[in-house]
$ cat target.csv   # CSV, C-alpha atoms
chain,number,residue,atom,x,y,z
K,1,MET,CA,-0.9,22.5,-8.9
K,2,ILE,CA,2.4,21.1,-7.6
K,3,LEU,CA,3.9,21.8,-4.2
K,4,ASN,CA,7.5,22.6,-4.9
K,5,SER,CA,8.5,25.3,-2.3
K,6,TRP,CA,11.8,24.7,-0.5
K,7,LYS,CA,10.7,26.8,2.4
K,8,GLN,CA,7.7,24.6,3.0
K,9,GLY,CA,9.9,21.6,2.7
K,10,LEU,CA,12.4,22.8,5.3
K,11,GLN,CA,9.6,23.8,7.6
K,12,ASP,CA,7.9,20.4,7.3
K,13,GLY,CA,11.2,18.7,8.0
K,14,ILE,CA,11.8,20.3,11.4
K,15,PRO,CA,9.6,18.0,13.5
K,16,ILE,CA,10.9,14.9,11.7
K,17,ALA,CA,14.5,16.0,12.3
K,18,LEU,CA,13.8,16.6,16.0
K,19,GLY,CA,12.3,13.1,16.4
K,20,TYR,CA,15.2,11.6,14.4
K,21,VAL,CA,17.8,13.1,16.7
K,22,SER,CA,16.6,11.1,19.7
K,23,VAL,CA,16.2,7.8,17.9
K,24,SER,CA,19.5,8.0,16.1
K,25,PHE,CA,21.1,9.1,19.4
K,26,ALA,CA,20.1,5.8,20.8
K,27,PHE,CA,21.4,4.0,17.7
K,28,GLY,CA,24.8,5.7,18.0
K,29,MET,CA,25.0,4.8,21.7
K,30,MET,CA,24.2,1.2,21.0
K,31,ALA,CA,26.7,0.9,18.2
K,32,SER,CA,29.3,2.5,20.4
K,33,ASN,CA,28.6,0.0,23.1
K,34,GLN,CA,29.1,-2.8,20.6
K,35,GLY,CA,32.6,-1.5,19.8
K,36,ILE,CA,31.7,-0.1,16.4
K,37,PRO,CA,33.8,3.0,15.7
K,38,VAL,CA,32.1,6.4,15.5
K,39,TRP,CA,32.9,7.0,11.8
K,40,ALA,CA,31.2,3.6,11.0
K,41,SER,CA,28.0,4.3,12.8
K,42,VAL,CA,27.8,7.7,11.3
K,43,LEU,CA,28.4,6.2,7.8
K,44,ILE,CA,25.7,3.6,8.5
K,45,SER,CA,23.1,6.2,9.4
K,46,PHE,CA,24.0,8.5,6.5
K,47,SER,CA,23.9,5.7,3.9
K,48,ASN,CA,20.9,3.7,5.3
K,49,LEU,CA,18.6,6.3,6.8
K,50,THR,CA,16.3,3.7,8.4
K,51,SER,CA,15.7,2.7,12.0
K,52,ALA,CA,14.6,-0.9,12.2
K,53,GLY,CA,17.0,-2.0,9.5
K,54,GLN,CA,20.0,-0.4,11.1
K,55,PHE,CA,19.2,-1.8,14.6
K,56,ALA,CA,18.9,-5.3,13.0
K,57,GLY,CA,22.1,-4.7,11.1
K,58,LEU,CA,24.0,-3.9,14.3
K,59,GLY,CA,23.0,-7.2,15.7
K,60,ILE,CA,24.3,-9.0,12.6
K,61,ILE,CA,27.6,-7.1,12.7
K,62,ALA,CA,28.0,-7.9,16.4
K,63,ALA,CA,27.3,-11.6,15.8
K,64,ASN,CA,29.7,-11.6,12.8
K,65,GLY,CA,26.8,-12.9,10.6
K,66,SER,CA,27.2,-13.7,6.9
K,67,MET,CA,26.7,-11.1,4.2
K,68,MET,CA,23.8,-13.1,2.9
K,69,GLU,CA,22.1,-12.9,6.2
K,70,MET,CA,22.7,-9.1,6.2
K,71,ALA,CA,21.3,-8.7,2.7
K,72,LEU,CA,18.2,-10.9,3.4
K,73,SER,CA,17.4,-9.2,6.7
K,74,GLN,CA,17.7,-5.7,5.2
K,75,PHE,CA,15.5,-6.9,2.3
K,76,VAL,CA,12.7,-8.1,4.5
K,77,ILE,CA,12.8,-5.4,7.0
K,78,ASN,CA,12.9,-2.6,4.4
K,79,LEU,CA,10.6,-4.1,1.9
K,80,ARG,CA,7.9,-1.7,3.1
K,81,TYR,CA,9.8,1.1,1.4
K,82,PHE,CA,9.0,-0.6,-1.9
K,83,LEU,CA,5.3,-0.1,-1.2
K,84,MET,CA,5.9,3.5,-0.1
K,85,SER,CA,8.0,4.3,-3.1
K,86,LEU,CA,5.4,2.8,-5.3
K,87,SER,CA,2.7,4.8,-3.6
K,88,LEU,CA,4.9,7.9,-4.0
K,89,THR,CA,5.2,7.4,-7.8
K,90,GLN,CA,1.5,8.4,-8.0
K,91,LYS,CA,2.1,11.5,-5.8
K,92,LEU,CA,5.3,12.8,-7.4
K,93,ASP,CA,5.3,15.4,-10.2
K,94,GLU,CA,5.3,13.3,-13.4
K,95,LYS,CA,8.0,15.6,-14.9
K,96,THR,CA,10.6,14.6,-12.3
K,97,LYS,CA,13.7,13.4,-14.1
K,98,THR,CA,15.4,10.0,-13.6
K,99,LEU,CA,18.4,11.4,-11.8
K,100,GLN,CA,16.1,13.5,-9.6
K,101,ARG,CA,14.1,10.3,-8.8
K,102,ALA,CA,17.3,8.5,-7.9
K,103,VAL,CA,18.2,11.3,-5.4
K,104,ILE,CA,14.8,11.4,-3.8
K,105,ALA,CA,14.8,7.6,-3.4
K,106,HIS,CA,17.5,7.8,-0.8
K,107,GLY,CA,15.3,9.9,1.5
K,108,ILE,CA,12.1,7.8,1.5
K,109,THR,CA,11.7,7.0,5.2
K,110,ASP,CA,8.4,6.3,7.0
K,111,GLU,CA,8.1,9.9,8.2
K,112,ILE,CA,9.1,11.6,5.0
K,113,PHE,CA,6.8,9.4,3.1
K,114,ALA,CA,4.0,10.0,5.6
K,115,LEU,CA,4.4,13.8,5.4
K,116,SER,CA,4.7,14.0,1.6
K,117,SER,CA,1.6,11.8,1.2
K,118,SER,CA,-0.4,13.9,3.6
K,119,LYS,CA,-0.1,16.9,1.2
K,120,PRO,CA,-3.3,17.6,-0.8
K,121,LYS,CA,-1.2,18.5,-3.9
K,122,LYS,CA,1.3,16.6,-6.0
K,123,VAL,CA,4.9,17.1,-4.8
K,124,GLY,CA,8.0,18.2,-6.8
K,125,PHE,CA,11.7,17.6,-6.6
K,126,LEU,CA,12.7,20.8,-4.8
K,127,TYR,CA,10.1,20.3,-2.1
K,128,MET,CA,11.2,16.7,-1.6
K,129,ILE,CA,14.9,17.4,-1.2
K,130,SER,CA,14.3,20.3,1.1
K,131,LEU,CA,11.9,18.1,3.2
K,132,MET,CA,14.7,15.5,3.4
K,133,PHE,CA,17.5,17.9,4.2
K,134,LEU,CA,17.0,18.5,8.0
K,135,PRO,CA,15.9,14.9,8.8
K,136,ILE,CA,19.1,13.5,7.1
K,137,LEU,CA,21.1,16.0,9.1
K,138,GLY,CA,19.3,15.1,12.3
K,139,TRP,CA,19.6,11.4,11.8
K,140,THR,CA,23.3,11.5,11.0
K,141,GLY,CA,24.1,14.2,13.6
K,142,GLY,CA,22.2,12.4,16.3
K,143,THR,CA,24.1,9.2,15.6
K,144,PHE,CA,27.4,11.1,15.9
K,145,LEU,CA,26.3,12.6,19.2
K,146,GLY,CA,25.1,9.3,20.6
K,147,ALA,CA,28.2,7.4,19.5
K,148,ALA,CA,30.5,10.1,20.8
K,149,ALA,CA,28.8,10.8,24.1
K,150,SER,CA,27.5,7.4,25.0
K,151,THR,CA,25.8,8.0,28.3
K,152,LEU,CA,25.5,11.8,28.7
K,153,LEU,CA,21.7,12.1,28.4
K,154,PRO,CA,19.6,10.9,31.5
K,155,VAL,CA,17.5,7.9,30.8
K,156,ILE,CA,14.2,9.6,31.6
K,157,LEU,CA,14.8,12.2,28.9
K,158,ARG,CA,15.8,9.6,26.3
K,159,ASP,CA,12.7,7.6,27.1
K,160,SER,CA,10.5,10.6,26.8
K,161,LEU,CA,11.9,11.5,23.4
K,162,GLY,CA,11.3,7.9,22.2
K,163,VAL,CA,7.5,8.6,22.1
K,164,MET,CA,7.9,11.6,19.7
K,165,ILE,CA,8.0,9.7,16.5
K,166,TYR,CA,4.8,7.9,17.3
K,167,GLY,CA,3.1,11.1,18.4
K,168,MET,CA,4.0,12.4,15.0
K,169,PHE,CA,2.5,9.4,13.3
K,170,LEU,CA,-0.7,9.9,15.2
K,171,ALA,CA,-0.9,13.5,14.2
K,172,ILE,CA,-0.7,12.4,10.6
K,173,ILE,CA,-3.2,9.5,10.6
K,174,ILE,CA,-5.8,10.6,13.1
K,175,PRO,CA,-7.2,13.9,11.5
K,176,PRO,CA,-8.1,12.1,8.2
K,177,CYS,CA,-10.0,9.5,10.2
K,178,ARG,CA,-12.4,12.2,11.3
K,179,THR,CA,-13.4,13.0,7.7
K,180,SER,CA,-13.2,9.5,6.2
K,181,LYS,CA,-14.6,6.5,8.1
K,182,ASN,CA,-12.9,4.3,5.5
K,183,ILE,CA,-9.4,5.5,6.4
K,184,GLY,CA,-10.3,5.1,10.1
K,185,ILE,CA,-11.2,1.4,9.5
K,186,VAL,CA,-8.0,0.8,7.6
K,187,VAL,CA,-5.9,2.3,10.4
K,188,LEU,CA,-7.8,0.3,13.0
K,189,MET,CA,-7.3,-3.0,11.0
K,190,ALA,CA,-3.6,-2.3,10.7
K,191,ALA,CA,-3.3,-1.5,14.4
K,192,VAL,CA,-5.2,-4.5,15.5
K,193,THR,CA,-3.4,-7.0,13.3
K,194,SER,CA,-0.1,-5.5,14.4
K,195,CYS,CA,-1.0,-5.9,18.0
K,196,LEU,CA,-2.2,-9.5,17.4
K,197,PHE,CA,1.3,-10.3,16.0
K,198,GLN,CA,2.8,-8.9,19.1
K,199,VAL,CA,0.5,-11.0,21.3
K,200,LEU,CA,1.3,-14.1,19.3
K,201,SER,CA,5.0,-13.3,19.0
K,202,ALA,CA,5.8,-16.1,21.5
K,203,TYR,CA,4.3,-18.6,19.1
K,204,ILE,CA,5.1,-17.2,15.6
K,205,SER,CA,8.4,-15.5,15.5
K,206,ILE,CA,8.7,-13.1,12.5
K,207,GLY,CA,10.7,-10.0,12.4
K,208,SER,CA,9.1,-6.6,13.0
K,209,GLY,CA,9.8,-5.4,9.4
K,210,PHE,CA,7.9,-8.4,8.1
K,211,VAL,CA,5.0,-7.8,10.5
K,212,ILE,CA,4.6,-4.3,9.1
K,213,ILE,CA,4.5,-5.6,5.5
K,214,LEU,CA,1.9,-8.2,6.4
K,215,CYS,CA,-0.3,-5.8,8.3
K,216,THR,CA,0.0,-3.2,5.5
K,217,LEU,CA,-0.9,-5.7,2.7
K,218,PHE,CA,-3.8,-6.9,4.8
K,219,ALA,CA,-5.3,-3.6,5.9
K,220,ALA,CA,-4.7,-1.7,2.6
K,221,GLY,CA,-5.8,-4.7,0.6
K,222,VAL,CA,-9.1,-5.2,2.5
K,223,GLY,CA,-9.6,-1.4,2.5
K,224,ALA,CA,-9.2,-1.3,-1.3
K,225,PHE,CA,-11.6,-4.2,-1.7
K,226,LEU,CA,-14.3,-2.9,0.6
K,227,PHE,CA,-14.0,0.8,0.0
K,228,PRO,CA,-12.6,1.5,-3.5
K,229,ILE,CA,-11.9,5.3,-3.9
K,230,ASP,CA,-13.7,7.5,-6.4
K,231,GLY,CA,-12.2,10.3,-8.4
K,232,GLU,CA,-12.9,12.9,-5.6
K,233,GLU,CA,-10.8,11.1,-3.0
K,234,GLN,CA,-7.7,10.8,-5.1
K,235,ARG,CA,-4.8,12.9,-4.2
B,1,MET,CA,37.6,-3.0,9.5
B,2,ASN,CA,37.4,-4.2,5.9
B,3,ARG,CA,34.6,-6.5,6.8
B,4,LEU,CA,32.8,-3.7,8.5
B,5,LEU,CA,32.9,-1.7,5.3
B,6,ILE,CA,31.5,-4.6,3.3
B,7,TYR,CA,28.6,-4.9,5.8
B,8,ILE,CA,27.8,-1.2,5.4
B,9,VAL,CA,27.9,-1.4,1.6
B,10,VAL,CA,25.5,-4.5,1.6
B,11,MET,CA,23.1,-2.8,4.1
B,12,ALA,CA,23.0,0.5,2.2
B,13,GLY,CA,22.9,-1.1,-1.3
B,14,VAL,CA,19.9,-3.4,-0.5
B,15,THR,CA,18.0,-0.6,1.2
B,16,TYR,CA,18.7,1.9,-1.6
B,17,LEU,CA,17.6,-0.5,-4.4
B,18,ILE,CA,14.3,-1.2,-2.6
B,19,ARG,CA,13.5,2.6,-2.4
B,20,CYS,CA,14.8,3.4,-5.9
B,21,LEU,CA,13.4,0.8,-8.3
B,22,PRO,CA,9.7,1.7,-8.1
B,23,LEU,CA,10.4,5.4,-8.4
B,24,ILE,CA,12.5,4.9,-11.5
B,25,PHE,CA,10.5,2.2,-13.3
B,26,PHE,CA,6.8,3.1,-12.5
B,27,ARG,CA,6.0,6.4,-14.0
B,28,LYS,CA,2.6,6.0,-15.5
B,29,LYS,CA,-0.6,6.9,-13.7
B,30,ILE,CA,-2.0,3.6,-12.5
B,31,GLN,CA,-5.5,3.1,-14.0
B,32,ASN,CA,-6.7,0.0,-12.1
B,33,ARG,CA,-9.1,1.2,-9.5
B,34,TYR,CA,-8.2,-1.6,-7.0
B,35,ILE,CA,-4.5,-0.8,-7.1
B,36,GLN,CA,-5.2,2.9,-6.9
B,37,SER,CA,-7.3,2.4,-3.8
B,38,PHE,CA,-4.7,0.0,-2.4
B,39,LEU,CA,-1.9,2.6,-2.8
B,40,TYR,CA,-4.2,5.3,-1.4
B,41,TYR,CA,-4.6,3.3,1.9
B,42,VAL,CA,-0.9,2.2,2.1
B,43,PRO,CA,0.3,5.2,4.2
B,44,TYR,CA,-2.4,4.9,6.8
B,45,ALA,CA,-1.9,1.1,7.0
B,46,VAL,CA,1.9,1.4,7.3
B,47,LEU,CA,1.7,4.1,10.0
B,48,GLY,CA,-1.1,2.3,11.9
B,49,SER,CA,0.8,-0.9,12.1
B,50,MET,CA,4.1,0.8,13.0
B,51,THR,CA,2.5,2.9,15.8
B,52,PHE,CA,0.7,0.1,17.5
B,53,PRO,CA,1.7,-1.6,19.6
B,54,ALA,CA,5.2,0.0,19.5
B,55,ILE,CA,3.9,3.3,21.1
B,56,PHE,CA,2.9,1.4,24.3
B,57,THR,CA,6.5,0.7,25.2
B,58,SER,CA,8.2,3.6,23.4
B,59,GLY,CA,8.6,5.7,26.5
B,60,GLY,CA,10.4,3.2,28.7
B,61,ASP,CA,7.7,1.8,31.0
B,62,LEU,CA,4.2,0.7,30.0
B,63,LEU,CA,2.0,3.2,32.0
B,64,PRO,CA,3.9,6.4,31.1
B,65,SER,CA,3.9,5.4,27.5
B,66,CYS,CA,0.2,4.7,27.5
B,67,ILE,CA,-0.4,8.2,29.0
B,68,GLY,CA,1.7,9.7,26.3
B,69,CYS,CA,-0.3,7.8,23.7
B,70,ILE,CA,-3.6,9.0,25.1
B,71,VAL,CA,-2.4,12.6,25.1
B,72,ALA,CA,-1.1,12.2,21.5
B,73,LEU,CA,-4.4,10.7,20.4
B,74,PHE,CA,-6.4,13.5,22.0
B,75,LEU,CA,-4.3,16.3,20.5
B,76,ALA,CA,-4.1,14.6,17.1
B,77,TYR,CA,-7.9,14.4,17.1
B,78,GLN,CA,-8.0,18.1,17.8
B,79,LYS,CA,-5.9,18.5,14.6
B,80,ARG,CA,-2.9,20.0,16.4
B,81,SER,CA,0.3,20.3,14.5
B,82,LEU,CA,2.9,17.4,14.3
B,83,LEU,CA,5.3,19.2,16.6
B,84,VAL,CA,2.7,20.1,19.2
B,85,VAL,CA,1.4,16.5,19.4
B,86,ALA,CA,4.9,15.0,19.5
B,87,LEU,CA,6.3,17.4,22.1
B,88,ALA,CA,3.1,17.1,24.3
B,89,ALA,CA,3.3,13.3,24.2
B,90,SER,CA,7.0,13.5,25.2
B,91,ALA,CA,6.2,15.9,28.1
B,92,ALA,CA,3.4,13.6,29.2
B,93,VAL,CA,5.7,10.6,29.4
B,94,CYS,CA,8.4,12.6,31.2
B,95,ILE,CA,6.0,14.0,33.8
B,96,SER,CA,4.2,10.8,34.4
B,97,THR,CA,7.5,8.9,34.8
B,98,ILE,CA,8.5,11.3,37.5
B,99,PHE,CA,5.2,10.9,39.3
B,100,ILE,CA,4.8,7.2,39.0
B,101,GLY,CA,8.4,6.1,39.1

$ encode --input "target.csv" --output "structure tokens"
Amino acid sequence: MILNSWKQGLQDGIPIALGYVSVSFAFGMMASNQGIPVWASVLISFSNLTSAGQFAGLGIIAANGSMMEMALSQFVINLRYFLMSLSLTQKLDEKTKTLQRAVIAHGITDEIFALSSSKPKKVGFLYMISLMFLPILGWTGGTFLGAAASTLLPVILRDSLGVMIYGMFLAIIIPPCRTSKNIGIVVLMAAVTSCLFQVLSAYISIGSGFVIILCTLFAAGVGAFLFPIDGEEQR
Amino acid sequence: MNRLLIYIVVMAGVTYLIRCLPLIFFRKKIQNRYIQSFLYYVPYAVLGSMTFPAIFTSGGDLLPSCIGCIVALFLAYQKRSLLVVALAASAAVCISTIFIG
């Protein structure tokens, strides 16, 4: 069976879109404060659709950095999407055409990837594009609002919205930990190594995108070595 | 302005290629058990390392953020929906900021 309902896709996209509005709002405000025109920050959000990479990109634009530096930083920070995309190839309906894959590729974000991989069935093209629709709208629209209305939202509200994305992540990873101790251990290993990097950040300075890649390789690698999955566990 | 456009094209181009290449070039079912297991654990590892320690400072100050985190952990453990967990965590941060701050 393949999950390919557009209604389900739109519905699943709502919480992601809501979370995106707040984060992209902050991005729009920051871009505006650095003198980047509204059209440009909206274009960046629509064409990049990624938080960490965009925030880093802003810094490079502001510092008038080289194109090479821009390309390299985006490559390292966003390399995790390569792993996600690779993981998604095993989840996506095999009959999905090349052009359809090229379209889906644009919308692979942490949250969209997380949601589509939390589905018990394989996922189809129609489900994936409808899942992406509202989040893309939210991300682009939120950027516009933030850039246009720099300081309208009170700080306390903005801060409170900042936690939403992580609340969503927890709602995705915690329930499977109850049924599978192995998944729980992988999550724990990833969280602990990531915190270790934070503690040691004064001594080893590596970018946040690279930290996520290292922690993922470590936790998923050790997990696969210690607890290889059997047929039943496969999605 | 021209330079700004080139920046945007470079950013978007690199990011898109990273997302696109695996989807287009890896189509077969992966048979190797280790790689299968690795890819099975990737989403959990990615989200675990992205959430911690970032969540502890995501709501402005440390204490309100931690309270939000605890609320989210509790509700997620109760298998509440994504939106409920996310909104409750936000509300917890907002309320505790008012009381502490």

$ closest_residue --input "target.csv" --among "B:Ile100, B:Val71, B:Pro22, B:Ser58" --to "Ala88 of chain B" --atoms "all atoms listed in the file"
B:Val71

$ atom_distance --input "target.csv" --atom1 "atom CA of Leu145 of chain K" --atom2 "atom CA of Met30 of chain K"
11.7 Å

$ interface_residues --input "target.csv" --of "chain B" --to "chain K" --cutoff "6 Å" --atoms "only C-alpha atoms" --output "VMD selection string"
chain B and resid 12 18 to 20 22 to 23 34 37 to 39 41 to 42 44 to 46 48 to 49 51 to 53 58 to 60 72 76 to 77 79 82 to 83 85 to 86 90 93 to 94

$ atom_distance --input "target.csv" --atom1 "atom CA of Leu17 of chain B" --atom2 "atom CA of Leu131 of chain K"
20.9 Å

$ closest_residue --input "target.csv" --among "B:Met50, B:Leu87, B:Ala92, B:Ile8" --to "Val42 of chain K" --atoms "all atoms listed in the file"
B:Ile8

$ atom_distance --input "target.csv" --atom1 "atom CA of Asp61 of chain B" --atom2 "atom CA of Ala89 of chain B"
14.1 Å

$ closest_residue --input "target.csv" --among "B:Leu21, B:Tyr7, B:Tyr40, B:Ser96" --to "Cys69 of chain B" --atoms "all atoms listed in the file"
B:Ser96

$ residues_around --input "target.csv" --residues "Met29 of chain K" --least-positions-apart "4" --cutoff "10 Å" --atoms "all atoms listed in the file" --output "number ranges by chain"
K: 24-25, 33-34, 36, 38, 41, 142-152
